[in-house]
Amino acid sequence: MPRIAQASNITLALAFLLAPALALADGGGSPSAPPSSPSMPIESRTISPEEKAASDKAQADELYAQAYRETDKAKQELADAATMRAAAGTDAKALKKADDKADSARKRFEKSRDKFGQVTSLDPKNPEGWNMLGFTRRKTGDIQGAFDAYWKCLALKPEHFGAHEYMGEAYLEDGKLNEARAELTWLKKHGAPAAEEASHLDAAIAAWVAANPDAAAKAVLGSKGMSTTDIPAVNTSATAADSTK
């Protein structure tokens with residue numbers, strides 16, 4: 001090959017090799033990324049007390065709905081357990097199934113109780129939340145806590161028929177028949193609007209009296225200012241009077 005052609009080829013090759021470097025030196029090539037600007041802090045907006053209250057109430061309403069559904073399931077399980085136990089007789093396996101069903105109901109009541117507790121924390125002026133907190137506390141064995149919740153409910157809504165019914169049932173569980181009857185009397189005075197609650201409490205009282213005849217008798221005597229020691233004295237006096245005839 002002629003030397004001139006060789007030189008030309010070498011020159012061209014060098015030009016290709018040096019072109020990118022020259023382009024970068026002259027500011028050519030791919031554009032570099034612009035320098036990142038410092039990030040601006042996002043300003044947090046303080047919500048107003050009204051917005052906070054509305055948010056808390058919405059959350060409380062959702063929790064109340066969840067807990068109420070859970071409570072309904074627990075009630076049904078408890079009723080099923082009672083039916084199963086009555087039909088089981090002495091069948092150990094059947095009794096175990098009834099106990100398991102009752103235990104499931106108890107766990108549901110506990111979950112509901114905790115959620116109703118959150119409801120009353122978020123929306124402390126909600127009488128329904130306090131009423132159901134009292135109910136679920138009672139169903140999980142906390143009678144005093146139940147009374148406290150019912151009184152909170154009635155302080156907010158004195159004529160809450162459901163709370164008066166549940167209060168009466170709590171008195172029965174606490175062995176206070178006369179107080180339960182006082183709640184029933186209160187409900188009956190309110191007529192038709194409170195008829196359902198009065199009917200439920202009336203049935204609960206009748207069942208309690210049938211299951212606890214001695215305690216019921218003592219309660220009746222106590223309401224009359226008498227004691228069980230007065231009964232033999234009355235009978236003896238009557239017998240003595242009869243013997244003189």
# chains A, B, ... in the order shown; residues from 1 in each chain; ligands from 1

call {"tool": "residues_around", "arguments": {"residues": "Ala67 in chain A", "least_positions_apart": "6", "cutoff": "7 Å", "atoms": "only C-alpha atoms", "output": "number ranges by chain"}}
result
A: 112, 115-116

call {"tool": "residues_around", "arguments": {"residues": "Glu165 in chain A", "least_positions_apart": "3", "cutoff": "7 Å", "atoms": "only C-alpha atoms", "output": "list in words"}}
result
Phe161, Gly162, Gly168, Glu169, Glu183, Glu197, Ala198 and Leu201 of chain A

call {"tool": "residues_around", "arguments": {"residues": "Ala74 in chain A", "least_positions_apart": "6", "cutoff": "7 Å", "atoms": "only C-alpha atoms", "output": "VMD selection string"}}
result
chain A and resid 105 108 to 109

call {"tool": "atom_distance", "arguments": {"atom1": "CA of Ala195 in chain A", "atom2": "CA of Tyr64 in chain A"}}
result
25.1 Å

call {"tool": "closest_atom_pairs", "arguments": {"of": "range 105-210 of chain A", "to": "range 218-221 of chain A", "cutoff": "9 Å", "atoms": "only C-alpha atoms", "output": "JSON lines"}}
result
{"residue": "A:Lys176", "atom": "CA", "partner": "A:Ala219", "partner_atom": "CA", "distance": 7.7}
{"residue": "A:Leu177", "atom": "CA", "partner": "A:Ala219", "partner_atom": "CA", "distance": 6.3}
{"residue": "A:Asn178", "atom": "CA", "partner": "A:Ala219", "partner_atom": "CA", "distance": 6.5}

call {"tool": "select_by_dssp", "arguments": {"residues": "range 185-229 of chain A", "states": "helix (DSSP H, G or I)", "output": "ChimeraX atom specification"}}
result
/A:185-189,192-211,213-223

call {"tool": "write_last_selection", "arguments": {"atoms": "N, CA and C atoms", "output": "compact mmCIF listing (two decimals), in the first residue's frame"}}
result
# COMPACT_ATOMS: atom_id res chain seq x y z
N THR A 185 -89.64 -2.47 87.37
CA THR A 185 -90.73 -1.53 87.65
C THR A 185 -90.54 -0.25 86.86
N TRP A 186 -89.30 0.24 86.82
CA TRP A 186 -88.99 1.47 86.07
C TRP A 186 -89.31 1.29 84.60
N LEU A 187 -88.93 0.15 84.04
CA LEU A 187 -89.18 -0.11 82.62
C LEU A 187 -90.68 -0.20 82.34
N LYS A 188 -91.41 -0.88 83.21
CA LYS A 188 -92.85 -1.04 82.99
C LYS A 188 -93.57 0.30 83.05
N LYS A 189 -93.08 1.23 83.85
CA LYS A 189 -93.70 2.55 83.93
C LYS A 189 -93.60 3.31 82.61
N ALA A 192 -95.13 1.05 76.38
CA ALA A 192 -94.80 0.37 75.12
C ALA A 192 -93.37 0.59 74.63
N PRO A 193 -92.82 1.81 74.72
CA PRO A 193 -91.46 2.00 74.22
C PRO A 193 -90.42 1.11 74.90
N ALA A 194 -90.69 0.73 76.15
CA ALA A 194 -89.73 -0.10 76.89
C ALA A 194 -90.24 -1.53 77.07
N ALA A 195 -91.27 -1.91 76.31
CA ALA A 195 -91.91 -3.21 76.50
C ALA A 195 -90.95 -4.38 76.25
N GLU A 196 -90.14 -4.27 75.22
CA GLU A 196 -89.23 -5.37 74.88
C GLU A 196 -88.20 -5.59 75.99
N GLU A 197 -87.61 -4.48 76.45
CA GLU A 197 -86.61 -4.58 77.52
C GLU A 197 -87.25 -5.10 78.81
N ALA A 198 -88.47 -4.64 79.10
CA ALA A 198 -89.17 -5.10 80.30
C ALA A 198 -89.46 -6.60 80.22
N SER A 199 -89.84 -7.06 79.03
CA SER A 199 -90.13 -8.48 78.84
C SER A 199 -88.88 -9.33 79.07
N HIS A 200 -87.75 -8.88 78.54
CA HIS A 200 -86.50 -9.62 78.72
C HIS A 200 -86.10 -9.70 80.19
N LEU A 201 -86.20 -8.55 80.88
CA LEU A 201 -85.81 -8.53 82.29
C LEU A 201 -86.79 -9.34 83.14
N ASP A 202 -88.06 -9.28 82.81
CA ASP A 202 -89.08 -10.05 83.54
C ASP A 202 -88.76 -11.55 83.44
N ALA A 203 -88.42 -11.99 82.24
CA ALA A 203 -88.08 -13.41 82.04
C ALA A 203 -86.82 -13.78 82.79
N ALA A 204 -85.83 -12.88 82.80
CA ALA A 204 -84.58 -13.15 83.51
C ALA A 204 -84.83 -13.27 85.02
N ILE A 205 -85.69 -12.40 85.54
CA ILE A 205 -86.01 -12.46 86.98
C ILE A 205 -86.73 -13.76 87.32
N ALA A 206 -87.69 -14.15 86.48
CA ALA A 206 -88.42 -15.39 86.73
C ALA A 206 -87.47 -16.59 86.72
N ALA A 207 -86.54 -16.60 85.76
CA ALA A 207 -85.57 -17.71 85.68
C ALA A 207 -84.66 -17.72 86.90
N TRP A 208 -84.26 -16.53 87.37
CA TRP A 208 -83.37 -16.45 88.53
C TRP A 208 -84.09 -16.93 89.79
N VAL A 209 -85.34 -16.53 89.95
CA VAL A 209 -86.12 -16.95 91.12
C VAL A 209 -86.29 -18.46 91.12
N ALA A 210 -86.57 -19.03 89.94
CA ALA A 210 -86.75 -20.49 89.85
C ALA A 210 -85.45 -21.22 90.18
N ALA A 211 -84.34 -20.65 89.80
CA ALA A 211 -83.04 -21.30 90.04
C ALA A 211 -82.51 -21.03 91.45
N PRO A 213 -84.48 -20.34 94.69
CA PRO A 213 -85.68 -20.11 95.51
C PRO A 213 -85.38 -19.60 96.91
N ASP A 214 -84.32 -20.11 97.53
CA ASP A 214 -84.00 -19.67 98.89
C ASP A 214 -83.57 -18.21 98.91
N ALA A 215 -82.69 -17.86 97.97
CA ALA A 215 -82.24 -16.46 97.89
C ALA A 215 -83.39 -15.54 97.55
N ALA A 216 -84.31 -16.01 96.70
CA ALA A 216 -85.48 -15.19 96.34
C ALA A 216 -86.37 -14.97 97.56
N ALA A 217 -86.55 -16.02 98.36
CA ALA A 217 -87.37 -15.88 99.57
C ALA A 217 -86.75 -14.90 100.54
N LYS A 218 -85.44 -14.96 100.71
CA LYS A 218 -84.75 -14.03 101.61
C LYS A 218 -84.91 -12.59 101.12
N ALA A 219 -84.83 -12.44 99.78
CA ALA A 219 -84.96 -11.09 99.22
C ALA A 219 -86.35 -10.52 99.49
N VAL A 220 -87.37 -11.37 99.34
CA VAL A 220 -88.75 -10.92 99.60
C VAL A 220 -88.92 -10.54 101.06
N LEU A 221 -88.41 -11.38 101.95
CA LEU A 221 -88.51 -11.08 103.39
C LEU A 221 -87.74 -9.81 103.73
N GLY A 222 -86.56 -9.67 103.12
CA GLY A 222 -85.75 -8.49 103.39
C GLY A 222 -86.45 -7.22 102.96
N SER A 223 -87.18 -7.29 101.86
CA SER A 223 -87.89 -6.09 101.39
C SER A 223 -89.04 -5.72 102.34

call {"tool": "closest_residue", "arguments": {"among": "A:Pro127, A:Gln66, A:Gln144, A:Glu179", "to": "Pro158 in chain A", "atoms": "only C-alpha atoms"}}
result
A:Pro127

call {"tool": "residues_around", "arguments": {"residues": "Asp114 in chain A", "least_positions_apart": "4", "cutoff": "12 Å", "atoms": "only C-alpha atoms", "output": "VMD selection string"}}
result
chain A and resid 63 to 64 66 to 68 70 to 71 107 to 110 118 to 121 129 to 130 132 to 137 140

call {"tool": "write_last_selection", "arguments": {"atoms": "N, CA and C atoms", "output": "PDB file, in the first residue's frame"}}
result
ATOM      1  N   LEU A  63     -65.484   0.826  64.967  1.00  0.00           N
ATOM      2  CA  LEU A  63     -65.166  -0.155  66.011  1.00  0.00           C
ATOM      3  C   LEU A  63     -66.431  -0.674  66.685  1.00  0.00           C
ATOM      4  N   TYR A  64     -67.392   0.218  66.895  1.00  0.00           N
ATOM      5  CA  TYR A  64     -68.657  -0.186  67.521  1.00  0.00           C
ATOM      6  C   TYR A  64     -69.370  -1.227  66.652  1.00  0.00           C
ATOM      7  N   GLN A  66     -68.051  -3.264  64.448  1.00  0.00           N
ATOM      8  CA  GLN A  66     -67.308  -4.524  64.492  1.00  0.00           C
ATOM      9  C   GLN A  66     -67.583  -5.281  65.790  1.00  0.00           C
ATOM     10  N   ALA A  67     -67.528  -4.553  66.902  1.00  0.00           N
ATOM     11  CA  ALA A  67     -67.718  -5.185  68.212  1.00  0.00           C
ATOM     12  C   ALA A  67     -69.141  -5.693  68.381  1.00  0.00           C
ATOM     13  N   TYR A  68     -70.109  -4.972  67.837  1.00  0.00           N
ATOM     14  CA  TYR A  68     -71.505  -5.394  67.975  1.00  0.00           C
ATOM     15  C   TYR A  68     -71.752  -6.694  67.215  1.00  0.00           C
ATOM     16  N   GLU A  70     -69.526  -8.953  66.600  1.00  0.00           N
ATOM     17  CA  GLU A  70     -68.844  -9.994  67.368  1.00  0.00           C
ATOM     18  C   GLU A  70     -69.681 -10.396  68.587  1.00  0.00           C
ATOM     19  N   THR A  71     -70.328  -9.422  69.207  1.00  0.00           N
ATOM     20  CA  THR A  71     -71.175  -9.702  70.367  1.00  0.00           C
ATOM     21  C   THR A  71     -72.375 -10.556  69.976  1.00  0.00           C
ATOM     22  N   LYS A 107     -64.437 -15.856  74.493  1.00  0.00           N
ATOM     23  CA  LYS A 107     -63.344 -15.172  73.792  1.00  0.00           C
ATOM     24  C   LYS A 107     -63.880 -14.061  72.890  1.00  0.00           C
ATOM     25  N   ARG A 108     -65.015 -14.322  72.271  1.00  0.00           N
ATOM     26  CA  ARG A 108     -65.625 -13.275  71.436  1.00  0.00           C
ATOM     27  C   ARG A 108     -66.061 -12.081  72.295  1.00  0.00           C
ATOM     28  N   PHE A 109     -66.632 -12.384  73.457  1.00  0.00           N
ATOM     29  CA  PHE A 109     -67.023 -11.304  74.367  1.00  0.00           C
ATOM     30  C   PHE A 109     -65.810 -10.485  74.800  1.00  0.00           C
ATOM     31  N   GLU A 110     -64.689 -11.144  75.031  1.00  0.00           N
ATOM     32  CA  GLU A 110     -63.481 -10.435  75.433  1.00  0.00           C
ATOM     33  C   GLU A 110     -63.000  -9.492  74.326  1.00  0.00           C
ATOM     34  N   GLN A 118     -62.315   0.795  73.464  1.00  0.00           N
ATOM     35  CA  GLN A 118     -61.729   1.777  72.540  1.00  0.00           C
ATOM     36  C   GLN A 118     -62.786   2.780  72.090  1.00  0.00           C
ATOM     37  N   VAL A 119     -63.999   2.292  71.875  1.00  0.00           N
ATOM     38  CA  VAL A 119     -65.088   3.184  71.457  1.00  0.00           C
ATOM     39  C   VAL A 119     -65.297   4.283  72.491  1.00  0.00           C
ATOM     40  N   THR A 120     -65.357   3.904  73.772  1.00  0.00           N
ATOM     41  CA  THR A 120     -65.612   4.901  74.817  1.00  0.00           C
ATOM     42  C   THR A 120     -64.420   5.824  75.022  1.00  0.00           C
ATOM     43  N   SER A 121     -63.221   5.370  74.661  1.00  0.00           N
ATOM     44  CA  SER A 121     -62.049   6.250  74.748  1.00  0.00           C
ATOM     45  C   SER A 121     -62.075   7.287  73.632  1.00  0.00           C
ATOM     46  N   GLY A 129     -71.956   3.074  73.392  1.00  0.00           N
ATOM     47  CA  GLY A 129     -70.662   2.456  73.647  1.00  0.00           C
ATOM     48  C   GLY A 129     -70.522   2.040  75.100  1.00  0.00           C
ATOM     49  N   TRP A 130     -70.944   2.905  76.022  1.00  0.00           N
ATOM     50  CA  TRP A 130     -70.865   2.584  77.451  1.00  0.00           C
ATOM     51  C   TRP A 130     -71.800   1.429  77.810  1.00  0.00           C
ATOM     52  N   MET A 132     -72.818  -1.070  75.880  1.00  0.00           N
ATOM     53  CA  MET A 132     -72.288  -2.340  75.396  1.00  0.00           C
ATOM     54  C   MET A 132     -70.979  -2.713  76.094  1.00  0.00           C
ATOM     55  N   LEU A 133     -70.238  -1.717  76.538  1.00  0.00           N
ATOM     56  CA  LEU A 133     -69.051  -2.027  77.337  1.00  0.00           C
ATOM     57  C   LEU A 133     -69.484  -2.694  78.637  1.00  0.00           C
ATOM     58  N   GLY A 134     -70.553  -2.172  79.249  1.00  0.00           N
ATOM     59  CA  GLY A 134     -71.080  -2.795  80.465  1.00  0.00           C
ATOM     60  C   GLY A 134     -71.544  -4.219  80.220  1.00  0.00           C
ATOM     61  N   PHE A 135     -72.238  -4.428  79.104  1.00  0.00           N
ATOM     62  CA  PHE A 135     -72.745  -5.766  78.785  1.00  0.00           C
ATOM     63  C   PHE A 135     -71.590  -6.768  78.624  1.00  0.00           C
ATOM     64  N   THR A 136     -70.582  -6.388  77.858  1.00  0.00           N
ATOM     65  CA  THR A 136     -69.480  -7.322  77.605  1.00  0.00           C
ATOM     66  C   THR A 136     -68.594  -7.503  78.840  1.00  0.00           C
ATOM     67  N   ARG A 137     -68.496  -6.478  79.661  1.00  0.00           N
ATOM     68  CA  ARG A 137     -67.778  -6.668  80.928  1.00  0.00           C
ATOM     69  C   ARG A 137     -68.518  -7.684  81.800  1.00  0.00           C
ATOM     70  N   THR A 140     -67.988 -11.162  80.753  1.00  0.00           N
ATOM     71  CA  THR A 140     -66.635 -11.679  80.999  1.00  0.00           C
ATOM     72  C   THR A 140     -66.295 -11.664  82.486  1.00  0.00           C
TER      73      THR A 140
END

call {"tool": "residues_around", "arguments": {"residues": "Asp123 in chain A", "least_positions_apart": "6", "cutoff": "10 Å", "atoms": "only C-alpha atoms", "output": "ChimeraX atom specification"}}
result
/A:53-54,56-61,117,129-130

call {"tool": "write_last_selection", "arguments": {"atoms": "C-alpha atoms", "output": "mmCIF file, in the first residue's frame"}}
result
data_model
loop_
_atom_site.group_PDB
_atom_site.id
_atom_site.type_symbol
_atom_site.label_atom_id
_atom_site.label_comp_id
_atom_site.auth_asym_id
_atom_site.auth_seq_id
_atom_site.Cartn_x
_atom_site.Cartn_y
_atom_site.Cartn_z
ATOM 1 C CA ALA A 53 -63.293 14.872 66.989
ATOM 2 C CA ALA A 54 -64.883 13.911 63.666
ATOM 3 C CA ASP A 56 -62.269 9.907 66.359
ATOM 4 C CA LYS A 57 -66.043 9.530 66.054
ATOM 5 C CA ALA A 58 -65.765 7.876 62.649
ATOM 6 C CA GLN A 59 -63.214 5.444 64.026
ATOM 7 C CA ALA A 60 -65.378 4.815 67.099
ATOM 8 C CA ASP A 61 -68.428 4.117 64.925
ATOM 9 C CA GLY A 117 -63.424 0.102 75.514
ATOM 10 C CA GLY A 129 -70.662 2.456 73.647
ATOM 11 C CA TRP A 130 -70.865 2.584 77.451
#

call {"tool": "residues_around", "arguments": {"residues": "Phe147 in chain A", "least_positions_apart": "5", "cutoff": "10 Å", "atoms": "only C-alpha atoms", "output": "number ranges by chain"}}
result
A: 131, 133-135, 137-138, 142, 152-153, 163, 166-167, 170-171

call {"tool": "closest_residue", "arguments": {"among": "A:Arg69, A:Arg85, A:Arg45, A:Lys111", "to": "Asp99 in chain A", "atoms": "only C-alpha atoms"}}
result
A:Arg85

call {"tool": "residues_around", "arguments": {"residues": "Leu95 in chain A", "least_positions_apart": "6", "cutoff": "12 Å", "atoms": "only C-alpha atoms", "output": "list of chain:residue names"}}
result
A:Ala81, A:Ala82, A:Thr83, A:Met84, A:Arg85, A:Ala86, A:Ala87, A:Ala88, A:Gly89, A:Lys101, A:Ala102

call {"tool": "write_last_selection", "arguments": {"atoms": "N, CA and C atoms", "output": "mmCIF file, in the first residue's frame"}}
result
data_model
loop_
_atom_site.group_PDB
_atom_site.id
_atom_site.type_symbol
_atom_site.label_atom_id
_atom_site.label_comp_id
_atom_site.auth_asym_id
_atom_site.auth_seq_id
_atom_site.Cartn_x
_atom_site.Cartn_y
_atom_site.Cartn_z
ATOM 1 N N ALA A 81 -74.462 -23.248 73.200
ATOM 2 C CA ALA A 81 -73.792 -24.024 74.245
ATOM 3 C C ALA A 81 -74.795 -24.506 75.289
ATOM 4 N N ALA A 82 -75.726 -23.637 75.656
ATOM 5 C CA ALA A 82 -76.741 -24.013 76.646
ATOM 6 C C ALA A 82 -77.631 -25.132 76.107
ATOM 7 N N THR A 83 -78.010 -25.023 74.836
ATOM 8 C CA THR A 83 -78.835 -26.063 74.218
ATOM 9 C C THR A 83 -78.086 -27.383 74.150
ATOM 10 N N MET A 84 -76.820 -27.314 73.752
ATOM 11 C CA MET A 84 -75.995 -28.524 73.650
ATOM 12 C C MET A 84 -75.812 -29.181 75.021
ATOM 13 N N ARG A 85 -75.624 -28.348 76.043
ATOM 14 C CA ARG A 85 -75.410 -28.882 77.394
ATOM 15 C C ARG A 85 -76.685 -29.551 77.913
ATOM 16 N N ALA A 86 -77.824 -28.962 77.613
ATOM 17 C CA ALA A 86 -79.088 -29.534 78.064
ATOM 18 C C ALA A 86 -79.355 -30.877 77.391
ATOM 19 N N ALA A 87 -78.936 -30.996 76.127
ATOM 20 C CA ALA A 87 -79.179 -32.235 75.392
ATOM 21 C C ALA A 87 -78.105 -33.292 75.651
ATOM 22 N N ALA A 88 -76.982 -32.885 76.226
ATOM 23 C CA ALA A 88 -75.842 -33.802 76.381
ATOM 24 C C ALA A 88 -76.068 -34.863 77.443
ATOM 25 N N GLY A 89 -76.821 -34.498 78.462
ATOM 26 C CA GLY A 89 -77.000 -35.446 79.573
ATOM 27 C C GLY A 89 -75.674 -35.727 80.251
ATOM 28 N N LYS A 101 -67.876 -24.584 72.946
ATOM 29 C CA LYS A 101 -68.708 -23.537 72.342
ATOM 30 C C LYS A 101 -68.832 -22.345 73.296
ATOM 31 N N ALA A 102 -69.016 -22.623 74.571
ATOM 32 C CA ALA A 102 -69.112 -21.547 75.565
ATOM 33 C C ALA A 102 -67.790 -20.795 75.679
#
